Structure formats: structure tokens, C-alpha cells
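Below is data29.pdb, which holds PDB, C-alpha atoms.
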MODEL        1
ATOM      1  CA  MET A   3      46.817  85.399 111.869
ATOM      2  CA  SER A   4      44.700  87.937 109.958
ATOM      3  CA  LEU A   5      46.183  90.570 107.667
ATOM      4  CA  LYS A   6      44.924  93.272 110.041
ATOM      5  CA  ALA A   7      46.777  91.736 112.984
ATOM      6  CA  THR A   8      49.954  91.379 110.893
ATOM      7  CA  ILE A   9      49.851  95.035 109.854
ATOM      8  CA  LEU A  10      49.283  96.160 113.430
ATOM      9  CA  ILE A  11      52.203  94.091 114.747
ATOM     10  CA  LEU A  12      54.526  95.336 112.005
ATOM     11  CA  GLY A  13      53.472  98.886 112.766
ATOM     12  CA  LEU A  14      54.179  98.303 116.437
ATOM     13  CA  LEU A  15      57.602  96.834 115.748
ATOM     14  CA  TRP A  16      58.673  99.751 113.567
ATOM     15  CA  SER A  17      57.469 102.648 115.704
ATOM     16  CA  PHE A  18      58.291 101.893 119.306
ATOM     17  CA  GLN A  19      60.514 104.722 120.412
ATOM     18  CA  ALA A  20      62.471 107.756 119.257
ATOM     19  CA  THR A  21      65.850 108.093 120.938
ATOM     20  CA  LEU A  22      68.299 110.947 121.437
ATOM     21  CA  GLY A  23      71.675 109.954 122.893
ATOM     22  CA  ILE A  24      74.569 112.383 122.934
ATOM     23  CA  ARG A  25      77.835 113.002 124.772
ATOM     24  CA  PHE A  26      78.887 116.643 124.731
ATOM     25  CA  VAL A  27      81.169 119.170 126.421
ATOM     26  CA  ILE A  28      79.487 122.076 128.195
ATOM     27  CA  ASP A  29      81.035 125.431 129.040
ATOM     28  CA  ARG A  30      78.183 127.406 130.609
ATOM     29  CA  GLU A  31      74.866 126.457 129.032
ATOM     30  CA  GLU A  32      73.622 124.006 126.392
ATOM     31  CA  CYS A  33      70.052 123.291 125.283
ATOM     32  CA  PHE A  34      68.598 120.402 123.298
ATOM     33  CA  SER A  35      65.110 119.773 121.956
ATOM     34  CA  HIS A  36      63.043 116.669 121.306
ATOM     35  CA  LYS A  37      59.664 116.563 119.569
ATOM     36  CA  ALA A  38      56.782 114.537 120.988
ATOM     37  CA  GLU A  39      54.192 113.767 118.327
ATOM     38  CA  TYR A  40      51.532 112.227 120.558
ATOM     39  CA  GLU A  41      49.993 112.995 123.921
ATOM     40  CA  GLY A  42      50.212 110.143 126.415
ATOM     41  CA  ASP A  43      53.701 109.068 125.301
ATOM     42  CA  THR A  44      56.380 108.610 127.967
ATOM     43  CA  LEU A  45      59.628 110.588 127.888
ATOM     44  CA  HIS A  46      62.607 108.999 129.661
ATOM     45  CA  VAL A  47      65.500 111.333 130.485
ATOM     46  CA  SER A  48      68.908 110.586 132.005
ATOM     47  CA  PHE A  49      72.302 112.277 132.233
ATOM     48  CA  VAL A  50      75.694 111.649 133.818
ATOM     49  CA  VAL A  51      78.556 114.116 134.281
ATOM     50  CA  ILE A  52      81.415 112.019 132.918
ATOM     51  CA  LYS A  53      84.489 114.171 133.540
ATOM     52  CA  SER A  54      85.991 117.621 133.907
ATOM     53  CA  ASP A  55      88.561 119.161 131.553
ATOM     54  CA  SER A  56      90.922 119.761 134.463
ATOM     55  CA  GLN A  57      93.039 116.736 135.400
ATOM     56  CA  TRP A  58      93.490 118.126 138.923
ATOM     57  CA  HIS A  59      89.842 118.887 139.533
ATOM     58  CA  PHE A  60      86.834 116.598 139.489
ATOM     59  CA  ASN A  61      83.557 118.398 139.864
ATOM     60  CA  GLU A  62      81.349 117.004 142.622
ATOM     61  CA  ASP A  63      78.892 119.912 142.437
ATOM     62  CA  GLY A  64      77.131 118.590 139.335
ATOM     63  CA  VAL A  65      75.126 120.549 136.772
ATOM     64  CA  ASP A  66      71.592 121.939 136.522
ATOM     65  CA  LEU A  67      69.006 120.607 134.071
ATOM     66  CA  VAL A  68      65.648 122.268 133.423
ATOM     67  CA  ILE A  69      62.991 120.615 131.238
ATOM     68  CA  HIS A  70      60.506 122.912 129.472
ATOM     69  CA  GLY A  71      57.299 121.943 127.710
ATOM     70  CA  PRO A  72      56.000 123.106 124.306
ATOM     71  CA  THR A  73      54.535 126.333 125.717
ATOM     72  CA  GLY A  74      57.578 127.132 127.865
ATOM     73  CA  GLU A  75      56.207 125.720 131.110
ATOM     74  CA  GLN A  76      58.704 124.050 133.423
ATOM     75  CA  ILE A  77      58.207 120.285 133.622
ATOM     76  CA  HIS A  78      61.027 119.352 135.998
ATOM     77  CA  ASP A  79      64.398 120.595 137.180
ATOM     78  CA  PHE A  80      67.569 119.074 138.628
ATOM     79  CA  ARG A  81      69.955 121.201 140.685
ATOM     80  CA  GLU A  82      73.660 120.436 141.098
ATOM     81  CA  GLN A  83      73.292 116.784 140.115
ATOM     82  CA  ILE A  84      76.133 114.549 138.943
ATOM     83  CA  SER A  85      73.684 111.999 137.530
ATOM     84  CA  ALA A  86      69.912 111.650 137.416
ATOM     85  CA  LYS A  87      67.001 109.858 135.724
ATOM     86  CA  HIS A  88      63.450 111.032 135.215
ATOM     87  CA  ASP A  89      60.405 110.068 133.177
ATOM     88  CA  PHE A  90      57.084 111.787 132.613
ATOM     89  CA  VAL A  91      53.962 111.440 130.515
ATOM     90  CA  VAL A  92      53.593 113.884 127.619
ATOM     91  CA  GLN A  93      50.573 116.082 128.320
ATOM     92  CA  LYS A  94      50.971 118.298 125.255
ATOM     93  CA  LYS A  95      52.475 117.289 121.940
ATOM     94  CA  GLY A  96      55.212 119.565 120.635
ATOM     95  CA  VAL A  97      58.881 120.375 121.200
ATOM     96  CA  TYR A  98      60.362 119.787 124.652
ATOM     97  CA  ARG A  99      63.574 121.592 125.608
ATOM     98  CA  PHE A 100      66.315 120.327 127.915
ATOM     99  CA  CYS A 101      68.694 123.044 129.125
ATOM    100  CA  PHE A 102      71.905 122.295 131.047
ATOM    101  CA  THR A 103      73.770 124.881 133.126
ATOM    102  CA  ASN A 104      77.355 124.399 134.303
ATOM    103  CA  LYS A 105      78.402 126.545 137.275
ATOM    104  CA  SER A 106      81.903 125.069 137.429
ATOM    105  CA  PRO A 107      84.829 127.125 136.023
ATOM    106  CA  TYR A 108      85.852 124.018 134.048
ATOM    107  CA  HIS A 109      84.330 122.410 130.981
ATOM    108  CA  GLU A 110      82.326 119.284 131.811
ATOM    109  CA  THR A 111      81.610 116.256 129.612
ATOM    110  CA  ILE A 112      77.996 115.071 129.921
ATOM    111  CA  ASP A 113      76.312 111.921 128.642
ATOM    112  CA  PHE A 114      72.675 112.777 127.876
ATOM    113  CA  ASP A 115      69.954 110.339 126.820
ATOM    114  CA  VAL A 116      66.292 110.838 125.908
ATOM    115  CA  GLN A 117      63.891 108.069 124.877
ATOM    116  CA  LEU A 118      60.336 108.666 123.771
ATOM    117  CA  GLY A 119      57.966 105.721 124.157
ATOM    118  CA  HIS A 120      55.165 105.464 121.623
ATOM    119  CA  PHE A 121      53.198 102.413 120.519
ATOM    120  CA  ALA A 122      51.494 102.567 117.135
ATOM    121  CA  TYR A 123      48.586 100.273 117.881
ATOM    122  CA  TYR A 124      47.094 102.796 120.297
ATOM    123  CA  ASP A 125      46.409 105.073 117.315
ATOM    124  CA  GLN A 126      44.885 102.355 115.154
ATOM    125  CA  HIS A 127      42.108 101.461 117.637
ATOM    126  CA  ALA A 128      42.444  97.708 117.444
ATOM    127  CA  LYS A 129      39.108  96.147 118.345
ATOM    128  CA  ASP A 130      39.630  92.462 117.614
ATOM    129  CA  GLU A 131      39.312  90.693 120.989
ATOM    130  CA  HIS A 132      41.433  87.791 119.709
ATOM    131  CA  PHE A 133      44.654  89.731 119.107
ATOM    132  CA  THR A 134      44.201  92.728 121.417
ATOM    133  CA  PRO A 135      45.615  90.791 124.431
ATOM    134  CA  LEU A 136      48.532  89.695 122.236
ATOM    135  CA  MET A 137      49.242  93.300 121.264
ATOM    136  CA  GLU A 138      49.123  94.355 124.898
ATOM    137  CA  GLN A 139      51.660  91.669 125.823
ATOM    138  CA  ILE A 140      53.934  92.685 122.944
ATOM    139  CA  SER A 141      53.615  96.305 124.049
ATOM    140  CA  LYS A 142      54.619  95.452 127.622
ATOM    141  CA  LEU A 143      57.520  93.314 126.438
ATOM    142  CA  GLU A 144      58.881  95.994 124.142
ATOM    143  CA  GLU A 145      58.511  98.646 126.806
ATOM    144  CA  ALA A 146      60.464  96.441 129.208
ATOM    145  CA  LEU A 147      63.189  95.887 126.596
ATOM    146  CA  TYR A 148      63.562  99.590 125.912
ATOM    147  CA  ASN A 149      63.632 100.322 129.628
ATOM    148  CA  ILE A 150      66.459  97.806 129.969
ATOM    149  CA  GLN A 151      68.303  99.473 127.089
ATOM    150  CA  PHE A 152      67.776 102.893 128.654
ATOM    151  CA  GLU A 153      69.014 101.621 132.028
ATOM    152  CA  GLN A 154      72.016  99.927 130.402
ATOM    153  CA  HIS A 155      73.051 103.144 128.672
ATOM    154  CA  TRP A 156      72.802 105.018 131.975
ATOM    155  CA  LEU A 157      74.882 102.374 133.763
ATOM    156  CA  GLU A 158      77.519 102.477 131.004
ATOM    157  CA  ALA A 159      77.815 106.234 131.482
ATOM    158  CA  GLN A 160      78.139 105.703 135.248
ATOM    159  CA  THR A 161      80.867 103.117 134.600
ATOM    160  CA  ASP A 162      82.746 105.537 132.345
ATOM    161  CA  ARG A 163      82.546 108.199 135.027
ATOM    162  CA  GLN A 164      83.813 105.835 137.730
ATOM    163  CA  ALA A 165      86.691 104.680 135.504
ATOM    164  CA  ILE A 166      87.772 108.300 135.006
ATOM    165  CA  VAL A 167      87.439 108.992 138.751
ATOM    166  CA  ASN A 168      89.613 105.965 139.534
ATOM    167  CA  GLU A 169      92.178 106.986 136.926
ATOM    168  CA  ASN A 170      92.353 110.524 138.321
ATOM    169  CA  MET A 171      92.637 109.239 141.879
ATOM    170  CA  GLY A 172      95.441 106.880 140.837
ATOM    171  CA  ARG A 173      97.275 109.705 139.063
ATOM    172  CA  ARG A 174      96.889 111.969 142.076
ATOM    173  CA  ALA A 175      98.137 109.238 144.407
ATOM    174  CA  VAL A 176     101.250 108.774 142.254
ATOM    175  CA  HIS A 177     101.933 112.512 142.120
ATOM    176  CA  LYS A 178     101.356 112.813 145.870
ATOM    177  CA  ALA A 179     103.788 109.980 146.516
ATOM    178  CA  LEU A 180     106.389 111.622 144.265
ATOM    179  CA  VAL A 181     105.987 114.987 145.991
ATOM    180  CA  GLU A 182     106.255 113.375 149.429
ATOM    181  CA  SER A 183     109.363 111.454 148.353
ATOM    182  CA  LEU A 184     110.997 114.602 147.002
ATOM    183  CA  ALA A 185     110.104 116.463 150.192
ATOM    184  CA  LEU A 186     111.618 113.658 152.286
ATOM    185  CA  ILE A 187     114.807 113.672 150.204
ATOM    186  CA  ALA A 188     115.059 117.458 150.464
ATOM    187  CA  ALA A 189     114.548 117.304 154.239
ATOM    188  CA  SER A 190     117.229 114.617 154.536
ATOM    189  CA  LEU A 191     119.702 116.648 152.484
ATOM    190  CA  LEU A 192     118.959 119.717 154.579
ATOM    191  CA  GLN A 193     119.572 117.739 157.768
ATOM    192  CA  VAL A 194     122.884 116.446 156.412
ATOM    193  CA  TYR A 195     123.924 119.976 155.426
ATOM    194  CA  LEU A 196     122.985 121.433 158.833
ATOM    195  CA  LEU A 197     124.748 118.631 160.724
ATOM    196  CA  ARG A 198     127.842 119.102 158.584
ATOM    197  CA  ARG A 199     127.883 122.838 159.257
ATOM    198  CA  LEU A 200     127.409 122.167 162.976
ATOM    199  CA  PHE A 201     130.338 119.720 163.091
ATOM    200  CA  GLU A 202     132.539 122.092 161.081
ATOM    201  CA  ARG A 203     131.751 124.924 163.468
ATOM    202  CA  LYS A 204     132.487 122.779 166.516
ATOM    203  CA  LEU A 205     135.714 121.557 164.914
ATOM    204  CA  GLY A 206     136.786 125.143 164.234
ATOM    205  CA  MET A 207     136.034 126.199 167.804
ATOM    206  CA  SER A 208     138.059 123.258 169.228
ATOM    207  CA  ARG A 209     141.071 124.234 167.128
ATOM    208  CA  VAL A 210     140.997 127.753 168.500
TER     209      VAL A 210
ENDMDL
END
Encoded form using C-alpha cells:
Amino acid sequence: MSLKATILILGLLWSFQATLGIRFVIDREECFSHKAEYEGDTLHVSFVVIKSDSQWHFNEDGVDLVIHGPTGEQIHDFREQISAKHDFVVQKKGVYRFCFTNKSPYHETIDFDVQLGHFAYYDQHAKDEHFTPLMEQISKLEEALYNIQFEQHWLEAQTDRQAIVNENMGRRAVHKALVESLALIAASLLQVYLLRRLFERKLGMSRV
């Protein structure tokens, strides 16, 4: 393999994608930014509402996410979503902003992930017909691998959310069972007390 091909492949391997992955707690509004250096790159975005701060409340209303471009234009928006994925091609290089809004009265924990796909050999204008097909195959393979990684992270966040939902449902079921048991015991004691008073009153009337 020529030195030129080796340099191109090494450049490709070291500059595939920039990633932002964060799990944070939102009160009302939180914004994050991610810089896209090249036009034509692909931005992958995903988020999952993991849990609410309240043990007795689990928000099913979701949160809002608005994506803004470098000049402030709106790229995409999600309204009242618990989880979502989206990808788009960068039309203008610059800083992209991702703003979350929480309308719930409770704090929400959100898992947020951004991946920026960029392949170095596009910028180096490889012309050699012998290794250009190889570079294209490597590019497709790496893109597939990063897509799998992106999907895996999203599924892990979904799994975490479901585990918390199941835990909360189990806790609520236990508390509900305890409350129902206490109510049944209280009703039984009240019945015993009322029956005892009724028998005492009848016994007193028979003595008279």
C-alpha cells in the first residue's frame, strides 16, 4: 500500500466522529452547544427522560427540545417527548444549540447524546482509483459501527428508564397493598367495635 493511502486511512481512523454524551437534571430549561466544523457532516441526536425527582410521580408528558443552527434558525423541534432520535445534514458550519424545556413541576433526569459524523478523506480529495473504493468501504463500515454505538447508547438509556419505571411501579404496588391491608384491618376493628356496642345495648335493654 502506498504512503499516501496509509496516511489517508490513518487520518480516517483518527477523525471519524465527535461525540457529546451527558446525563443531567433539568429544572426548567437547559441548553447545550456542539460545533460542526464542516458542511455535509451528519449530526445524530437522541435523548431519553430517565426519571423524575418525585418517587410518587413519573412524568409521561415528556420534555421539549428545540435545535437551532449557527444563525439562530430552527432546525427541528420535539414537543412533549419522553424519548426521541433525529439526524440531519449540516448545511452551515458553526455552533448548533440544543435547548430543553421541562414543563413538569418536578426535576427530570435526561440522557442526551450527540454524535457528529465526519470523514477526513473527503477533505483530502483522494484521486487514486486503486484505493478510493477501499476508502469508501472503510467509510461505510465505520459509519455503520458508530450508528450501532449511537443506537446502543440510546437503548441503554431506554433500559435505565424502564428499570426505574418498574422499580417505581413495584414500590407503589407494595405501598398500595399496605394501605389496603391497613384499611381492611381498620374496617374489621370498626365492625367488631360496632357489633360489641350493639350486643351491649341489647343486653342492657333485656335486663331492664
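Remark: for A:Glu41, the closest of the candidate residues A:Pro72, A:Lys204, A:Leu184, A:Arg163 is A:Pro72 (distances computed over all atoms listed in the file).
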query: Taking the file as shown, what set of residues would the PyMOL selection byres ((chain A and resi 153) around 12) give back, as a VMD selection string?
result: chain A and resid 46 to 49 86 to 88 115 to 117 146 to 152 154 to 160
task: Could you tell me which residues the PyMOL selection byres ((chain A and resi 34) around 6) returns for this structure, as a ChimeraX atom specification?
output: /A:33,35,99-100
message: Selection in question (the file shown): the PyMOL selection byres ((chain A and resi 74) around 12). Which residues does it include, as a ChimeraX atom specification?
response: /A:68-73,75-78,94,96-101
message: Between atom CA of A:Asp113 and atom CA of A:Arg174, what distance in Å does the model show, to one decimal?
response: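 Distance reported for this atom pair: 24.6 Å.
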